[in-house]
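Peer 1: Coordinates in data.tsv, TSV, C-alpha atoms and all ligand atoms, are listed below.
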```tsv
chain	number	residue	atom	x	y	z
A	1	MET	CA	94.51	112.72	125.14
A	2	SER	CA	96.86	109.81	124.70
A	3	THR	CA	97.50	107.45	127.57
A	4	PRO	CA	101.06	107.72	128.90
A	5	ILE	CA	103.13	104.57	128.79
A	6	ASP	CA	102.79	102.30	131.82
A	7	PRO	CA	105.03	102.81	134.89
A	8	THR	CA	107.23	99.73	134.32
A	9	LEU	CA	108.01	100.73	130.74
A	10	ALA	CA	108.48	104.33	131.85
A	11	ILE	CA	111.38	103.17	134.05
A	12	GLN	CA	112.79	100.59	131.63
A	13	LYS	CA	112.80	103.02	128.69
A	14	GLU	CA	115.70	104.88	130.35
A	15	HIS	CA	117.88	102.01	129.12
A	16	LEU	CA	117.41	103.15	125.53
A	17	MET	CA	119.92	105.63	124.20
A	18	PRO	CA	118.01	108.87	123.75
A	19	ILE	CA	118.67	109.46	120.06
A	20	THR	CA	115.47	111.33	119.30
A	21	PRO	CA	112.68	112.97	121.36
A	22	ARG	CA	109.92	110.38	121.50
A	23	PRO	CA	106.35	111.06	122.66
A	24	ASP	CA	105.21	109.24	125.77
A	25	ILE	CA	103.35	106.54	123.88
A	26	CYS	CA	104.14	102.87	123.37
A	27	PHE	CA	102.59	101.22	120.35
A	28	THR	CA	101.57	97.62	120.76
A	29	LYS	CA	99.65	96.81	117.59
A	30	GLY	CA	99.33	97.87	113.97
A	31	LYS	CA	96.77	96.91	111.36
A	32	GLY	CA	96.44	98.49	107.94
A	33	HIS	CA	96.33	102.29	108.25
A	34	TYR	CA	96.10	102.25	112.06
A	35	LEU	CA	98.47	101.92	115.01
A	36	TYR	CA	97.20	101.15	118.53
A	37	ASP	CA	98.81	102.19	121.82
A	38	GLN	CA	98.84	100.35	125.16
A	39	SER	CA	95.40	101.62	126.07
A	40	GLY	CA	93.98	100.52	122.74
A	41	LYS	CA	93.67	104.05	121.37
A	42	ALA	CA	93.79	104.02	117.55
A	43	TYR	CA	95.95	106.37	115.47
A	44	LEU	CA	95.54	106.89	111.75
A	45	ASP	CA	99.11	106.50	110.53
A	46	LEU	CA	100.34	108.71	107.69
A	47	MET	CA	104.00	108.11	108.54
A	48	GLN	CA	103.89	104.32	108.22
A	49	GLY	CA	107.25	103.52	109.72
A	50	TRP	CA	108.79	106.48	107.85
A	51	ALA	CA	107.55	105.64	104.33
A	52	VAL	CA	108.34	102.00	104.98
A	53	ASN	CA	105.05	100.12	105.33
A	54	THR	CA	104.16	100.05	101.64
A	55	LEU	CA	101.04	97.96	102.28
A	56	GLY	CA	100.21	99.27	105.76
A	57	HIS	CA	100.76	97.60	109.12
A	58	SER	CA	101.00	93.80	109.26
A	59	PRO	CA	99.33	93.05	105.92
A	60	ASP	CA	98.30	89.43	105.35
A	61	VAL	CA	100.75	88.95	102.46
A	62	ILE	CA	103.70	89.86	104.71
A	63	GLN	CA	102.48	87.74	107.61
A	64	LYS	CA	102.14	84.82	105.21
A	65	ALA	CA	105.55	85.35	103.63
A	66	LEU	CA	107.21	85.49	107.07
A	67	LEU	CA	105.36	82.43	108.32
A	68	ASP	CA	105.92	80.31	105.21
A	69	GLN	CA	109.56	81.28	104.77
A	70	SER	CA	110.41	80.94	108.47
A	71	ALA	CA	109.12	77.39	108.37
A	72	GLN	CA	111.25	76.71	105.28
A	73	LEU	CA	114.62	78.44	105.73
A	74	ILE	CA	115.66	81.54	107.68
A	75	ASN	CA	119.37	81.91	107.05
A	76	PRO	CA	121.72	79.58	105.20
A	77	SER	CA	124.51	82.28	105.40
A	78	PRO	CA	125.40	84.80	102.74
A	79	ALA	CA	127.98	82.34	101.38
A	80	PHE	CA	125.20	80.32	99.69
A	81	PHE	CA	122.44	81.06	97.22
A	82	ASN	CA	118.86	80.92	98.35
A	83	LYS	CA	115.71	81.02	96.25
A	84	PRO	CA	114.00	84.18	97.56
A	85	MET	CA	117.25	86.14	97.09
A	86	ILE	CA	117.65	84.97	93.48
A	87	ASN	CA	113.96	85.62	92.70
A	88	LEU	CA	114.07	89.10	94.20
A	89	ALA	CA	117.19	90.12	92.26
A	90	ALA	CA	115.65	88.82	89.03
A	91	THR	CA	112.36	90.69	89.62
A	92	LEU	CA	114.11	93.99	90.40
A	93	CYS	CA	116.26	93.69	87.27
A	94	ALA	CA	113.33	92.65	85.06
A	95	HIS	CA	111.53	95.87	86.03
A	96	SER	CA	114.48	98.28	85.78
A	97	VAL	CA	117.53	99.12	83.66
A	98	PHE	CA	119.83	97.33	86.11
A	99	ASP	CA	121.53	93.96	85.73
A	100	GLN	CA	122.85	93.00	89.15
A	101	VAL	CA	121.85	93.48	92.78
A	102	PHE	CA	123.49	93.35	96.21
A	103	PHE	CA	121.12	93.12	99.17
A	104	ALA	CA	121.76	94.84	102.50
A	105	ASN	CA	119.78	95.75	105.60
A	106	SER	CA	119.27	99.52	105.57
A	107	GLY	CA	119.22	102.43	103.17
A	108	ALA	CA	122.47	103.76	104.58
A	109	GLU	CA	124.16	100.43	104.01
A	110	ALA	CA	122.94	100.29	100.40
A	111	ASN	CA	124.25	103.83	99.84
A	112	GLU	CA	127.54	102.95	101.51
A	113	GLY	CA	127.73	100.12	98.96
A	114	ALA	CA	126.95	102.54	96.12
A	115	ILE	CA	129.80	104.83	97.24
A	116	LYS	CA	132.20	101.88	97.41
A	117	LEU	CA	131.08	100.60	94.01
A	118	ALA	CA	131.63	104.03	92.42
A	119	ARG	CA	135.10	104.26	93.94
A	120	LYS	CA	135.89	100.72	92.77
A	121	TRP	CA	134.76	101.66	89.26
A	122	GLY	CA	136.96	104.76	89.41
A	123	GLN	CA	139.94	102.61	90.32
A	124	LYS	CA	139.25	100.16	87.53
A	125	HIS	CA	138.05	102.45	84.76
A	126	LYS	CA	138.85	106.09	85.53
A	127	SER	CA	142.47	106.39	86.75
A	128	GLY	CA	141.53	106.28	90.43
A	129	ALA	CA	138.83	108.98	90.28
A	130	PHE	CA	136.94	108.89	93.58
A	131	LYS	CA	135.07	112.13	94.19
A	132	ILE	CA	131.29	112.00	94.30
A	133	ILE	CA	129.15	115.09	93.79
A	134	THR	CA	126.16	115.24	96.17
A	135	PHE	CA	123.63	117.99	96.86
A	136	ALA	CA	122.72	120.54	99.51
A	137	GLN	CA	119.94	119.35	101.83
A	138	SER	CA	120.25	115.77	100.55
A	139	PHE	CA	119.96	112.81	102.90
A	140	HIS	CA	121.78	109.53	102.30
A	141	GLY	CA	121.97	107.91	105.74
A	142	ARG	CA	123.75	107.82	109.07
A	143	THR	CA	126.87	105.74	108.62
A	144	LEU	CA	130.01	107.86	108.60
A	145	ALA	CA	130.38	107.81	104.81
A	146	THR	CA	126.70	108.42	104.12
A	147	MET	CA	126.61	111.28	106.66
A	148	SER	CA	129.62	112.66	104.82
A	149	ALA	CA	127.71	112.40	101.54
A	150	THR	CA	124.60	113.99	103.07
A	151	GLY	CA	124.00	117.70	102.47
A	152	LYS	CA	122.19	118.51	105.74
A	153	ASP	CA	123.77	121.53	107.42
A	154	ALA	CA	123.20	119.98	110.86
A	155	PHE	CA	125.51	117.08	109.94
A	156	ALA	CA	128.40	119.31	108.86
A	157	PRO	CA	130.08	119.75	112.29
A	158	LEU	CA	129.41	116.21	113.53
A	159	PHE	CA	131.88	113.33	113.92
A	160	GLU	CA	134.84	115.06	112.32
A	161	PRO	CA	136.92	114.12	110.47
A	162	LYS	CA	134.37	112.85	108.00
A	163	VAL	CA	134.98	110.64	104.99
A	164	SER	CA	136.49	112.91	102.35
A	165	GLY	CA	135.73	112.96	98.66
A	166	PHE	CA	132.22	114.44	98.57
A	167	THR	CA	131.69	117.70	96.71
A	168	LYS	CA	128.44	119.43	97.74
A	169	VAL	CA	126.55	121.50	95.19
A	170	PRO	CA	123.24	123.43	95.45
A	171	PHE	CA	120.30	121.29	94.32
A	172	ASN	CA	118.70	121.90	90.91
A	173	GLN	CA	121.68	123.98	89.73
A	174	LEU	CA	123.17	122.43	86.66
A	175	ALA	CA	125.87	125.03	85.95
A	176	ALA	CA	127.20	124.77	89.51
A	177	THR	CA	127.24	121.00	89.18
A	178	GLU	CA	129.19	121.16	85.95
A	179	GLN	CA	131.70	123.53	87.56
A	180	ALA	CA	132.21	121.08	90.44
A	181	ILE	CA	133.36	118.29	88.10
A	182	ASP	CA	137.11	117.69	87.95
A	183	GLU	CA	139.53	114.94	86.88
A	184	GLN	CA	138.97	113.06	90.13
A	185	THR	CA	135.17	113.06	89.93
A	186	VAL	CA	133.69	109.59	89.48
A	187	ALA	CA	129.96	110.00	90.14
A	188	ILE	CA	126.97	112.22	90.79
A	189	MET	CA	124.60	110.99	93.50
A	190	LEU	CA	121.11	112.36	94.17
A	191	GLU	CA	117.57	111.82	95.33
A	192	LEU	CA	115.02	112.64	92.64
A	193	ILE	CA	112.77	113.93	95.41
A	194	GLN	CA	114.67	115.06	98.49
A	195	GLY	CA	112.43	113.53	101.14
A	196	GLU	CA	114.06	114.56	104.42
A	197	ALA	CA	114.68	118.06	103.03
A	198	GLY	CA	110.90	118.53	102.85
A	199	VAL	CA	109.87	116.77	99.61
A	200	ILE	CA	111.81	118.87	97.12
A	201	SER	CA	111.67	117.56	93.55
A	202	ALA	CA	114.55	117.64	91.13
A	203	ASP	CA	113.58	119.64	88.02
A	204	SER	CA	113.29	117.56	84.94
A	205	GLU	CA	115.83	119.71	82.99
A	206	PHE	CA	118.23	119.37	85.89
A	207	VAL	CA	117.96	115.58	85.91
A	208	LEU	CA	118.34	115.33	82.12
A	209	GLY	CA	121.26	117.75	82.35
A	210	LEU	CA	122.97	115.62	85.00
A	211	ALA	CA	122.54	112.52	82.87
A	212	ALA	CA	124.13	114.37	79.94
A	213	LEU	CA	127.01	115.57	82.14
A	214	CYS	CA	127.60	112.00	83.27
A	215	LYS	CA	127.85	110.83	79.64
A	216	GLN	CA	130.08	113.73	78.65
A	217	HIS	CA	132.51	113.35	81.58
A	218	ASN	CA	132.32	109.56	81.94
A	219	LEU	CA	130.71	109.68	85.39
A	220	LEU	CA	128.35	107.27	87.08
A	221	LEU	CA	124.83	108.48	87.83
A	222	ILE	CA	123.74	107.19	91.24
A	223	ILE	CA	120.07	107.56	92.17
A	224	ASP	CA	119.17	107.16	95.84
A	225	GLU	CA	115.64	105.75	95.70
A	226	VAL	CA	115.57	104.61	99.31
A	227	GLN	CA	112.52	106.82	99.88
A	228	THR	CA	111.14	107.22	96.35
A	229	GLY	CA	111.36	103.59	95.19
A	230	ILE	CA	108.73	100.82	95.21
A	231	ALA	CA	105.86	102.85	93.73
A	232	ARG	CA	106.03	105.62	96.36
A	233	THR	CA	106.00	108.29	93.64
A	234	GLY	CA	103.54	106.49	91.36
A	235	SER	CA	105.96	104.51	89.18
A	236	LEU	CA	107.89	101.51	90.48
A	237	PHE	CA	111.01	103.70	90.58
A	238	ALA	CA	111.04	107.49	90.42
A	239	TYR	CA	113.79	107.55	87.76
A	240	GLN	CA	111.31	105.97	85.33
A	241	GLN	CA	109.48	109.31	85.18
A	242	PHE	CA	112.56	110.86	83.58
A	243	ASP	CA	114.19	109.90	80.31
A	244	ILE	CA	117.40	108.70	81.99
A	245	GLN	CA	119.36	105.48	82.48
A	246	PRO	CA	121.11	105.62	85.86
A	247	ASP	CA	124.17	103.41	86.43
A	248	ILE	CA	123.48	102.69	90.09
A	249	MET	CA	120.32	102.82	92.22
A	250	THR	CA	119.68	102.15	95.89
A	251	LEU	CA	116.46	100.97	97.50
A	252	GLY	CA	115.43	100.58	101.13
A	253	LYS	CA	112.41	101.67	103.12
A	254	GLY	CA	109.39	100.47	101.07
A	255	LEU	CA	111.17	97.42	99.61
A	256	GLY	CA	110.59	95.36	102.75
A	257	GLY	CA	107.16	96.77	103.56
A	258	GLY	CA	108.28	97.12	107.20
A	259	VAL	CA	111.12	94.63	107.54
A	260	PRO	CA	114.79	95.60	107.16
A	261	ILE	CA	116.04	94.98	103.64
A	262	SER	CA	117.72	97.29	101.15
A	263	ALA	CA	119.32	96.87	97.75
A	264	LEU	CA	122.17	98.23	95.66
A	265	LEU	CA	121.50	97.82	91.94
A	266	ALA	CA	123.93	98.41	89.09
A	267	THR	CA	124.13	98.04	85.35
A	268	LYS	CA	126.47	95.37	83.99
A	269	GLN	CA	128.93	98.10	83.10
A	270	ALA	CA	129.00	99.58	86.62
A	271	SER	CA	128.78	96.31	88.56
A	272	CYS	CA	132.49	95.77	89.20
A	273	PHE	CA	133.04	94.45	92.74
A	274	ASP	CA	135.68	91.75	93.05
A	275	TYR	CA	135.39	88.92	95.55
A	276	GLY	CA	135.93	90.30	99.05
A	277	ASP	CA	134.99	93.91	98.26
A	278	GLN	CA	131.46	93.73	99.60
A	279	GLY	CA	129.47	91.52	101.92
A	280	GLY	CA	127.53	91.37	105.16
A	281	THR	CA	126.24	88.61	107.40
A	282	PHE	CA	122.57	89.19	106.74
A	283	ASN	CA	122.75	90.15	103.07
A	284	GLY	CA	120.10	88.48	100.96
A	285	ASN	CA	118.73	86.37	103.81
A	286	PRO	CA	115.70	84.42	102.58
A	287	LEU	CA	113.36	85.64	105.32
A	288	MET	CA	113.62	89.32	104.37
A	289	CYS	CA	113.84	88.55	100.63
A	290	ALA	CA	110.64	86.50	100.81
A	291	VAL	CA	108.87	89.52	102.33
A	292	ALA	CA	110.25	91.86	99.66
A	293	ASN	CA	109.06	89.41	96.98
A	294	ALA	CA	105.56	89.52	98.51
A	295	VAL	CA	105.62	93.34	98.58
A	296	LEU	CA	106.78	93.53	94.96
A	297	SER	CA	104.25	91.06	93.64
A	298	THR	CA	101.47	93.08	95.30
A	299	VAL	CA	102.78	96.40	94.00
A	300	LEU	CA	103.17	94.93	90.50
A	301	GLU	CA	99.54	93.79	90.29
A	302	PRO	CA	98.03	95.67	87.33
A	303	ASP	CA	95.63	97.87	89.30
A	304	PHE	CA	97.98	98.78	92.16
A	305	MET	CA	99.96	101.72	90.73
A	306	PRO	CA	96.98	103.27	88.92
A	307	LYS	CA	95.27	103.40	92.34
A	308	VAL	CA	98.31	105.12	93.84
A	309	ALA	CA	98.00	107.74	91.09
A	310	LEU	CA	94.28	108.21	91.82
A	311	MET	CA	94.77	108.56	95.57
A	312	SER	CA	97.69	110.93	94.96
A	313	GLN	CA	95.46	113.13	92.85
A	314	TYR	CA	92.68	113.05	95.44
A	315	PHE	CA	95.05	113.78	98.32
A	316	GLN	CA	96.61	116.70	96.42
A	317	GLN	CA	93.16	118.14	95.63
A	318	GLN	CA	92.15	117.97	99.29
A	319	LEU	CA	95.43	119.50	100.45
A	320	THR	CA	95.09	122.27	97.87
A	321	ALA	CA	91.58	123.08	99.12
A	322	LEU	CA	92.84	123.08	102.71
A	323	SER	CA	95.73	125.33	101.79
A	324	LYS	CA	93.40	127.79	100.04
A	325	LYS	CA	90.94	127.82	102.92
A	326	PHE	CA	93.55	128.50	105.59
A	327	ASN	CA	96.05	130.47	103.55
A	328	LEU	CA	98.82	127.90	103.80
A	329	GLY	CA	101.59	127.34	101.29
A	330	GLU	CA	102.28	125.09	98.33
A	331	ILE	CA	101.67	121.38	97.91
A	332	ARG	CA	104.71	119.41	96.74
A	333	GLY	CA	105.67	115.89	95.82
A	334	LYS	CA	104.54	113.01	93.66
A	335	GLY	CA	102.53	109.88	94.18
A	336	LEU	CA	102.07	109.34	97.90
A	337	LEU	CA	105.12	111.30	99.00
A	338	LEU	CA	103.50	114.69	99.52
A	339	ALA	CA	104.15	117.84	101.49
A	340	LEU	CA	102.18	120.89	102.55
A	341	GLU	CA	103.86	124.17	103.44
A	342	THR	CA	102.54	125.72	106.66
A	343	PRO	CA	103.33	129.12	108.18
A	344	GLN	CA	106.79	129.23	109.86
A	345	HIS	CA	107.21	127.03	112.97
A	346	CYS	CA	103.65	125.68	112.75
A	347	ALA	CA	104.33	122.18	111.48
A	348	PRO	CA	105.73	120.53	114.66
A	349	ASP	CA	102.79	121.87	116.72
A	350	LEU	CA	100.31	120.55	114.18
A	351	VAL	CA	102.02	117.15	114.38
A	352	THR	CA	101.68	117.10	118.19
A	353	GLN	CA	98.05	118.26	118.16
A	354	ALA	CA	97.12	115.81	115.40
A	355	ARG	CA	98.71	112.98	117.37
A	356	GLU	CA	96.57	113.85	120.40
A	357	GLN	CA	93.56	113.52	118.11
A	358	GLY	CA	94.78	110.17	116.83
A	359	VAL	CA	96.44	111.13	113.53
A	360	LEU	CA	100.16	110.57	112.96
A	361	LEU	CA	101.88	113.07	110.68
A	362	ASN	CA	105.49	114.13	110.15
A	363	ALA	CA	107.16	117.52	109.97
A	364	PRO	CA	110.55	117.25	108.24
A	365	ARG	CA	110.94	121.02	108.62
A	366	GLU	CA	109.34	123.59	110.90
A	367	HIS	CA	107.19	124.82	108.03
A	368	THR	CA	106.53	121.54	106.23
A	369	LEU	CA	104.15	118.66	106.83
A	370	ARG	CA	105.00	115.43	105.01
A	371	PHE	CA	102.53	112.69	104.14
A	372	MET	CA	103.84	109.19	103.45
A	373	PRO	CA	100.88	106.87	103.95
A	374	ALA	CA	100.60	103.23	102.99
A	375	LEU	CA	100.24	103.03	99.21
A	376	ASN	CA	96.85	101.30	99.51
A	377	ILE	CA	95.33	104.27	101.34
A	378	THR	CA	91.72	105.13	100.41
A	379	GLN	CA	89.60	108.29	100.36
A	380	THR	CA	88.28	107.42	103.83
A	381	GLU	CA	91.71	107.83	105.48
A	382	ILE	CA	92.60	110.87	103.41
A	383	ASP	CA	89.32	112.54	104.43
A	384	ARG	CA	89.98	111.75	108.09
A	385	CYS	CA	93.45	113.34	107.84
A	386	ILE	CA	92.11	116.45	106.13
A	387	ASP	CA	89.24	116.76	108.64
A	388	CYS	CA	91.70	116.56	111.51
A	389	LEU	CA	93.97	119.24	110.03
A	390	SER	CA	90.99	121.39	109.16
A	391	GLY	CA	89.72	121.18	112.75
A	392	LEU	CA	93.12	122.08	114.18
A	393	LEU	CA	93.57	125.02	111.82
A	394	ASN	CA	90.03	126.22	112.56
A	395	SER	CA	90.63	126.33	116.29
A	396	ALA	CA	94.01	128.02	115.74
A	397	ALA	CA	92.38	130.75	113.62
B	1	LIG	C1	115.82	106.97	104.86
B	1	LIG	C2	116.79	107.30	103.79
B	1	LIG	C3	118.10	106.78	103.80
B	1	LIG	C4	118.64	105.98	104.94
B	1	LIG	O1	117.98	104.75	105.10
B	1	LIG	P1	118.13	103.96	106.47
B	1	LIG	O2	117.38	102.68	106.24
B	1	LIG	O3	117.55	104.81	107.54
B	1	LIG	O4	119.59	103.73	106.69
B	1	LIG	C5	118.91	107.07	102.73
B	1	LIG	N1	118.49	107.82	101.70
B	1	LIG	C6	117.24	108.33	101.66
B	1	LIG	C7	116.83	109.14	100.47
B	1	LIG	C8	116.36	108.11	102.71
B	1	LIG	O5	115.13	108.63	102.68
```
I'd like the structure from this file rewritten - as structure tokens, please.
Peer 2:
Amino acid sequence: MSTPIDPTLAIQKEHLMPITPRPDICFTKGKGHYLYDQSGKAYLDLMQGWAVNTLGHSPDVIQKALLDQSAQLINPSPAFFNKPMINLAATLCAHSVFDQVFFANSGAEANEGAIKLARKWGQKHKSGAFKIITFAQSFHGRTLATMSATGKDAFAPLFEPKVSGFTKVPFNQLAATEQAIDEQTVAIMLELIQGEAGVISADSEFVLGLAALCKQHNLLLIIDEVQTGIARTGSLFAYQQFDIQPDIMTLGKGLGGGVPISALLATKQASCFDYGDQGGTFNGNPLMCAVANAVLSTVLEPDFMPKVALMSQYFQQQLTALSKKFNLGEIRGKGLLLALETPQHCAPDLVTQAREQGVLLNAPREHTLRFMPALNITQTEIDRCIDCLSGLLNSAA
């Protein structure tokens, strides 16, 4: 059993707004694939800050980047250039089809920027077109505009009136998407794997079809890679596994390897903000950019992504065997963003029971387990995860 959080914290925690049900645990340390609670109990972490800790907890390269950069320069203000910010923008552009970058602090903020950029482009180049097509079950963030863009049913009644101008279409349905396009449409925005929806991949024909529709109707293609970017799906960006050239891409989560930084990237043609349109106090601060540079240089080492592919293959094989043995459902996803279908309503219980045994998993739906480990995971951790699930399913049977 896990040790409950100590009495002082138990009282003080009431001062936090209760925005999500949290287990009665307080983590005090993280190293690599493990988190440790107040009593020192270790938990194998396959959530990793919600697909954020690309290199695991507190890796040496991030500690070093934070230490070195904090001794050098923390924040000169967004009104000035700084070296880590320039280097990071150049690296991201060198490894993608994009030409210019705006840095922000969260995925939602990057997506908010993408929505603004598309609307700006519509004003400048498409007679004021402003509507953006987004998809059912999609997730783009929790600011008012990004909640409005999001296709989660649970968001629909919240915080009305929402930001208007988002047309929702069923995912993977090209004909319905084409029908939704009108004179006022400026962009199509999607995740190539819908993470929060339960790791649902866009079909390749659908993605190619969307790219063709964008060309045909002069629309911007916006790819939300907040969850799929930075090698999570095996390539640096998920769009690189499709023969497409998006106009705008957003990054978050894995970019900072645990620290808050996100990015809005655009091609020269789409990058059309005027002075004053976009900004933010912390944008491009050298401390966070230095960390992102350290994450990227690690991920771009020649043997890093091939290892992600190998571990992905191994993990999928083990999950497939588990699924066969216990009569579970399909395995989905790419790289190290994977999901396993469980019988209805089982997933949250499995998450709770696994946590008691010291393994942290996530259930984005009541019948789906999601795995988003650090990208440097090895067979040892994968085996431990499978053993834990196997034990739980055995005792349930
Ligand atoms: C997590 C996520 C976001 C929101 O990012 P935050 O940093 O939580 O604001 C947006 N889009 C996708 C696809 C995500 O997975």
Peer 1: Can you build me a table of chain A residues sitting at most 6 Å from ligand LIG 1 (chain B), with the closest atom pair per residue and its distance in Å to one decimal, using only C-alpha atoms and all ligand atoms, sorted by chain and residue number, as CSV?
Peer 2:
```
residue,atom,partner,partner_atom,distance
A:Ser106,CA,B:LIG1,O2,3.7
A:Gly107,CA,B:LIG1,O1,3.3
A:Ala108,CA,B:LIG1,O4,3.6
A:Phe139,CA,B:LIG1,N1,5.3
A:His140,CA,B:LIG1,N1,3.8
A:Gly141,CA,B:LIG1,C4,3.9
A:Glu191,CA,B:LIG1,C7,5.8
A:Gly195,CA,B:LIG1,O5,5.8
A:Asp224,CA,B:LIG1,C7,5.6
A:Glu225,CA,B:LIG1,C7,6.0
A:Val226,CA,B:LIG1,C6,4.7
A:Gln227,CA,B:LIG1,O5,4.2
A:Gly252,CA,B:LIG1,O2,5.9
A:Lys253,CA,B:LIG1,O2,6.0
```
Peer 1: Enter the distance from CA of Ala238 in chain A to CA of Ile115 in chain A, in Å, rounded to one decimal.
Peer 2: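 Separating CA of Ala238 in chain A from CA of Ile115 in chain A is a distance of 20.1 Å.
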Peer 1: Given the choices A:Gln379, A:Thr146, A:Gln48, A:Ser312, which gets closest to Val163 in chain A if the distance is worked out from all atoms listed in the file?
Peer 2: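 Among the listed residues, A:Thr146 lies closest to Val163 in chain A.
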Peer 1: Residues of range 70-107 of chain A that approach range 254-275 of chain A to 8 Å or less, counting all atoms listed in the file: could you list each one with the shortest pair of atoms and its distance in Å to one decimal, rows by chain and increasing residue number, as JSON lines?
Peer 2:
```
{"residue": "A:Val97", "atom": "CA", "partner": "A:Thr267", "partner_atom": "CA", "distance": 6.9}
{"residue": "A:Phe98", "atom": "CA", "partner": "A:Thr267", "partner_atom": "CA", "distance": 4.4}
{"residue": "A:Asp99", "atom": "CA", "partner": "A:Thr267", "partner_atom": "CA", "distance": 4.9}
{"residue": "A:Gln100", "atom": "CA", "partner": "A:Ala266", "partner_atom": "CA", "distance": 5.5}
{"residue": "A:Val101", "atom": "CA", "partner": "A:Leu265", "partner_atom": "CA", "distance": 4.4}
{"residue": "A:Phe102", "atom": "CA", "partner": "A:Leu264", "partner_atom": "CA", "distance": 5.1}
{"residue": "A:Phe103", "atom": "CA", "partner": "A:Ala263", "partner_atom": "CA", "distance": 4.4}
{"residue": "A:Ala104", "atom": "CA", "partner": "A:Ser262", "partner_atom": "CA", "distance": 4.9}
{"residue": "A:Asn105", "atom": "CA", "partner": "A:Ile261", "partner_atom": "CA", "distance": 4.3}
{"residue": "A:Ser106", "atom": "CA", "partner": "A:Ser262", "partner_atom": "CA", "distance": 5.2}
{"residue": "A:Gly107", "atom": "CA", "partner": "A:Ser262", "partner_atom": "CA", "distance": 5.7}
```
Peer 1: Just C-alpha atoms for this one: save the residues we selected as a compact mmCIF listing (two decimals), in the coordinates of the input.
Peer 2:
```txt
# COMPACT_ATOMS: atom_id res chain seq x y z
CA VAL A 97 117.53 99.12 83.66
CA PHE A 98 119.83 97.33 86.11
CA ASP A 99 121.53 93.96 85.73
CA GLN A 100 122.85 93.00 89.15
CA VAL A 101 121.85 93.48 92.78
CA PHE A 102 123.49 93.35 96.21
CA PHE A 103 121.12 93.12 99.17
CA ALA A 104 121.76 94.84 102.50
CA ASN A 105 119.78 95.75 105.60
CA SER A 106 119.27 99.52 105.57
CA GLY A 107 119.22 102.43 103.17
```
Peer 1: Set the distance at 7 Å and use all atoms listed in the file: which residues neighbour Val359 in chain A once local chain neighbours fewer than 4 positions away are removed? I'd like the list as a PyMOL selection string.
Peer 2: chain A and resi 43-45+354-355+385
Peer 1: Pull the closest atom pair for each residue of range 262-346 of chain A that gets at most 7 Å from range 197-214 of chain A, along with the distance in Å to one decimal, counting all atoms listed in the file, ordering rows by chain and then ascending residue number, as CSV.
Peer 2:
```
residue,atom,partner,partner_atom,distance
A:Arg332,CA,A:Val199,CA,6.5
A:Gly333,CA,A:Val199,CA,5.7
A:Leu338,CA,A:Val199,CA,6.7
A:Ala339,CA,A:Val199,CA,6.1
```
Peer 1: I need the residues from that last selection saved to file as a JSON list (two decimals), in the coordinates of the input (with C-alpha atoms), if you can.
Peer 2:
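File written: out-v3.json
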```json
[["chain", "number", "residue", "atom", "x", "y", "z"],
["A", 332, "ARG", "CA", 104.71, 119.41, 96.74],
["A", 333, "GLY", "CA", 105.67, 115.89, 95.82],
["A", 338, "LEU", "CA", 103.50, 114.69, 99.52],
["A", 339, "ALA", "CA", 104.15, 117.84, 101.49]]
```
Peer 1: Could you tell me which of A:Ile11, A:Ile223, A:Ala347, A:Leu55 comes closest to Ala294 in chain A if we count all atoms listed in the file?
Peer 2: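 Of A:Ile11, A:Ile223, A:Ala347, A:Leu55, the one nearest Ala294 in chain A is A:Leu55, counting all atoms listed in the file.
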Peer 1: Report, in Å to a single decimal, how far apart CA of Gly151 in chain A and CA of His217 in chain A are.
Peer 2: 23.0 Å
Peer 1: Pick out the residues sitting within 8 Å of Thr185 in chain A, and hand them over as a PyMOL selection string; count all atoms listed in the file, and ignore anything fewer than 6 positions along from it in its own chain.
Peer 2: chain A and resi 129-133+219
